[in-house]
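S.K.: Encoded as structure tokens, here's the structure I'll be asking about.
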Amino acid sequence: MIVFAREPVFTPTGRVFAYQINISKDYQDSLLQRHEDITSTDRAVHIKWSDLLDGFVSILNVSNDILMQELPADIIPEDTLFEISNTTSPPGFFDRLITLKSKGYRFVASQTAELNEEFLQLVDFAKLKLNSADEAQFQNLKSQLEKYRVKTIAVDIDNLDQYEMATKKAYDYYQGLFFLDTKTKSSDELPSNKLAVLRLLAEINSDELNVRKLEKVFEQDATLSYLLFRYINNPLVNKYQEITSIRHALSYLGEVMIKKFIAIVSLTQMNADNTPELLQVSLVRAKFCELISMKMRPNIDPTIAFLMGLFSLIDVILARQMSFLMEKVALPQEIKQTLLKREGSLYLMLRASRGFESAHWDTILIAMKEMEITKDEIHGYYVQAIRWANECSVPASSDYPVKSVDR
């Protein structure tokens, strides 16, 4: 059963403040019928919120009826915002909110909520659509919210034009997939530092991997060496021995892992000027596609699937047309064709991942049917991909996403 999708909520500085967790209606209905734990699906899939959120705040969009039930122990009050509406509320709902508030839970008023005084005393955030009111109405509403210290979240911000409009209104937070949009895509040549990274990618995608040559590259770049040792000594990669030499590290990883590691580091460096969430989405896509590739019949090369997902946002990251970049990046032809034509078995996996990002359940279901995998399987793969991406995104240096959150 497909359970959730998540969407980032950003601070004005471009850092992720929270993840909106959208729980599918069919699963919410099953919770009401069976009184199951909100954090688990069928026995084939087990979710732990801390794995999915990785230190960030969650905004849970569940029905008022579910809030009336006993909440799972691992939904931590200080890290949880419940999105609520005071319309069509069950008997005793307001008293229930007061009880939850006393336990440390916080609330987000949905766009349809009536912002009466009693309600405003309980909520901490209010979601507002960008064009839901004229300027005078917006300023009056904002003043009312400020009076009760309610912070505003601009929602449905799906492109950079909308984001620029929203920033002029000075919301406190911004929710949407606008960070996946590129307003202008230059045809200029890439900067020299980006070209150097692309040359490194060319080396790992050559027919025969030259480990000696790679060793010299790492020896001449302190940042790469540091990241290599950080990666190789991660318990998820190496549980048995500490590795301190570049040659030993490269030998231990093997060709497939070397390619994946260098691809991740390369993309990280190319994304240095953008929000870290772009890299996070790329990592999730990469692992998700890799996991699905091993299930599909006939099998797709997992490394090909991984690299395709990883570089699926390279046009956004580098603000260049995909066709321009595919001439510059040394990637297998199968990946280039998938990213340019947006069709085929590889693209099916990417389309499913994008469905999870935007809570388009029908997109997920259609892709799932074409790939001949079950609901539990596809949901399990996405959970695994998020967990893996969280482990990769260690705040070890300026080249990795920083996880400390402005609150």
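Letters for chains follow the order of the structure tokens (A, B, ...), residue numbers begin at 1 for each chain, and ligand numbers begin at 1 in the order shown.
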Please list as a list in words every residue within 7 Å of Cys289 (chain A), counting only C-alpha atoms and excluding residues in the same chain fewer than 5 positions away.
M.R.: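 Counting only the stated atoms, we get Ala305, Phe306, Gly309, Met349 and Leu350 of chain A.
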S.K.: Which residues in region 145-261 of chain A does DSSP call helix (DSSP H, G or I)? List them as a ChimeraX atom specification.
M.R.: /A:145-147,160-168,178-180,192-204,211-219,222-232,246-261
S.K.: I'd like the contact shell of region 226-228 of chain A - 9 Å cut-off, only C-alpha atoms, skipping same-chain residues fewer than 2 positions apart - returned as a PDB file with C-alpha atoms, in the first residue's frame.
M.R.:
ATOM      1  CA  PHE A 218      42.570  11.915  -5.121  1.00  0.00           C
ATOM      2  CA  ASP A 221      42.681  17.004  -4.117  1.00  0.00           C
ATOM      3  CA  ALA A 222      42.457  17.190  -0.310  1.00  0.00           C
ATOM      4  CA  THR A 223      38.671  17.575  -0.331  1.00  0.00           C
ATOM      5  CA  LEU A 224      38.163  14.474  -2.471  1.00  0.00           C
ATOM      6  CA  ARG A 230      34.672   9.673   5.339  1.00  0.00           C
ATOM      7  CA  TYR A 231      32.669   7.507   2.954  1.00  0.00           C
ATOM      8  CA  ILE A 232      34.781   4.365   3.141  1.00  0.00           C
ATOM      9  CA  ASN A 233      34.810   4.396   6.952  1.00  0.00           C
ATOM     10  CA  ILE A 246      43.770   6.047  -0.925  1.00  0.00           C
ATOM     11  CA  ALA A 249      40.159   2.636  -0.185  1.00  0.00           C
ATOM     12  CA  LEU A 250      39.837   2.385  -3.967  1.00  0.00           C
ATOM     13  CA  PHE A 261      31.040   7.398  -4.968  1.00  0.00           C
ATOM     14  CA  ILE A 262      32.715   9.674  -7.527  1.00  0.00           C
ATOM     15  CA  VAL A 265      30.875  13.617  -4.919  1.00  0.00           C
ATOM     16  CA  ALA A 396      31.063  16.370   7.208  1.00  0.00           C
ATOM     17  CA  SER A 397      32.232  19.358   5.189  1.00  0.00           C
ATOM     18  CA  ASP A 399      30.674  19.850   0.211  1.00  0.00           C
TER      19      ASP A 399
END
S.K.: For the contact check between region 124-179 of chain A and region 92-111 of chain A, emit one row per residue of region 124-179 of chain A within 12 Å, containing the shortest atom pair and the distance in Å rounded to one decimal, counting only C-alpha atoms, chain then rising number order, as a tab-separated table.
M.R.:
residue	atom	partner	partner_atom	distance
A:Asp124	CA	A:Phe107	CA	5.5
A:Phe125	CA	A:Val108	CA	4.5
A:Ala126	CA	A:Ala109	CA	4.6
A:Lys127	CA	A:Gln111	CA	5.4
A:Leu128	CA	A:Gln111	CA	5.7
A:Lys129	CA	A:Gln111	CA	7.2
A:Leu130	CA	A:Gln111	CA	10.9
A:Asn131	CA	A:Gln111	CA	11.9
A:Ser132	CA	A:Gln111	CA	9.3
A:Ala133	CA	A:Gln111	CA	11.8
A:Leu145	CA	A:Ala109	CA	10.9
A:Val150	CA	A:Val108	CA	9.0
A:Lys151	CA	A:Val108	CA	9.1
A:Thr152	CA	A:Val108	CA	9.2
A:Ile153	CA	A:Val108	CA	8.9
A:Ala154	CA	A:Gln111	CA	10.0
A:Val155	CA	A:Gln111	CA	9.0
A:Asp156	CA	A:Gln111	CA	11.0
S.K.: Compare A:Gln175, A:Thr167, A:Ser24, A:Gln321 by their minimum atom-to-atom distance to Ile59 (chain A), counting only C-alpha atoms, and give me the closest one.
M.R.: A:Gln175
S.K.: Using only C-alpha atoms, can you tell me which of A:Gly14, A:Gly355, A:Pro191, A:Gly344 comes closest to Phe178 (chain A)?
M.R.: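 Looking only at the distances to Phe178 (chain A), the closest residue turns out to be A:Gly14.
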S.K.: Can you work out the spacing between CA of Ala385 (chain A) and CA of Glu290 (chain A) in Å, to one decimal?
M.R.: 9.1 Å
S.K.: Under the rule that only C-alpha atoms are counted, which of A:Leu325, A:Ala389, A:Leu198, A:Ile373 is the nearest residue to Val284 (chain A)?
M.R.: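 Going through A:Leu325, A:Ala389, A:Leu198, A:Ile373 one by one, the smallest distance to Val284 (chain A) is for A:Ala389.
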S.K.: Taking only C-alpha atoms into account, name the residue in A:Asp74, A:Tyr347, A:Tyr171, A:Leu310 that is nearest to Leu141 (chain A).
M.R.: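 For Leu141 (chain A), the nearest of the given residues is A:Tyr171.
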S.K.: Using only C-alpha atoms, pick whichever of A:Glu70, A:Glu370, A:Glu189, A:Glu135 has the shortest atom-to-atom distance to Leu348 (chain A).
M.R.: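 So, comparing all the options, the nearest one is A:Glu370.
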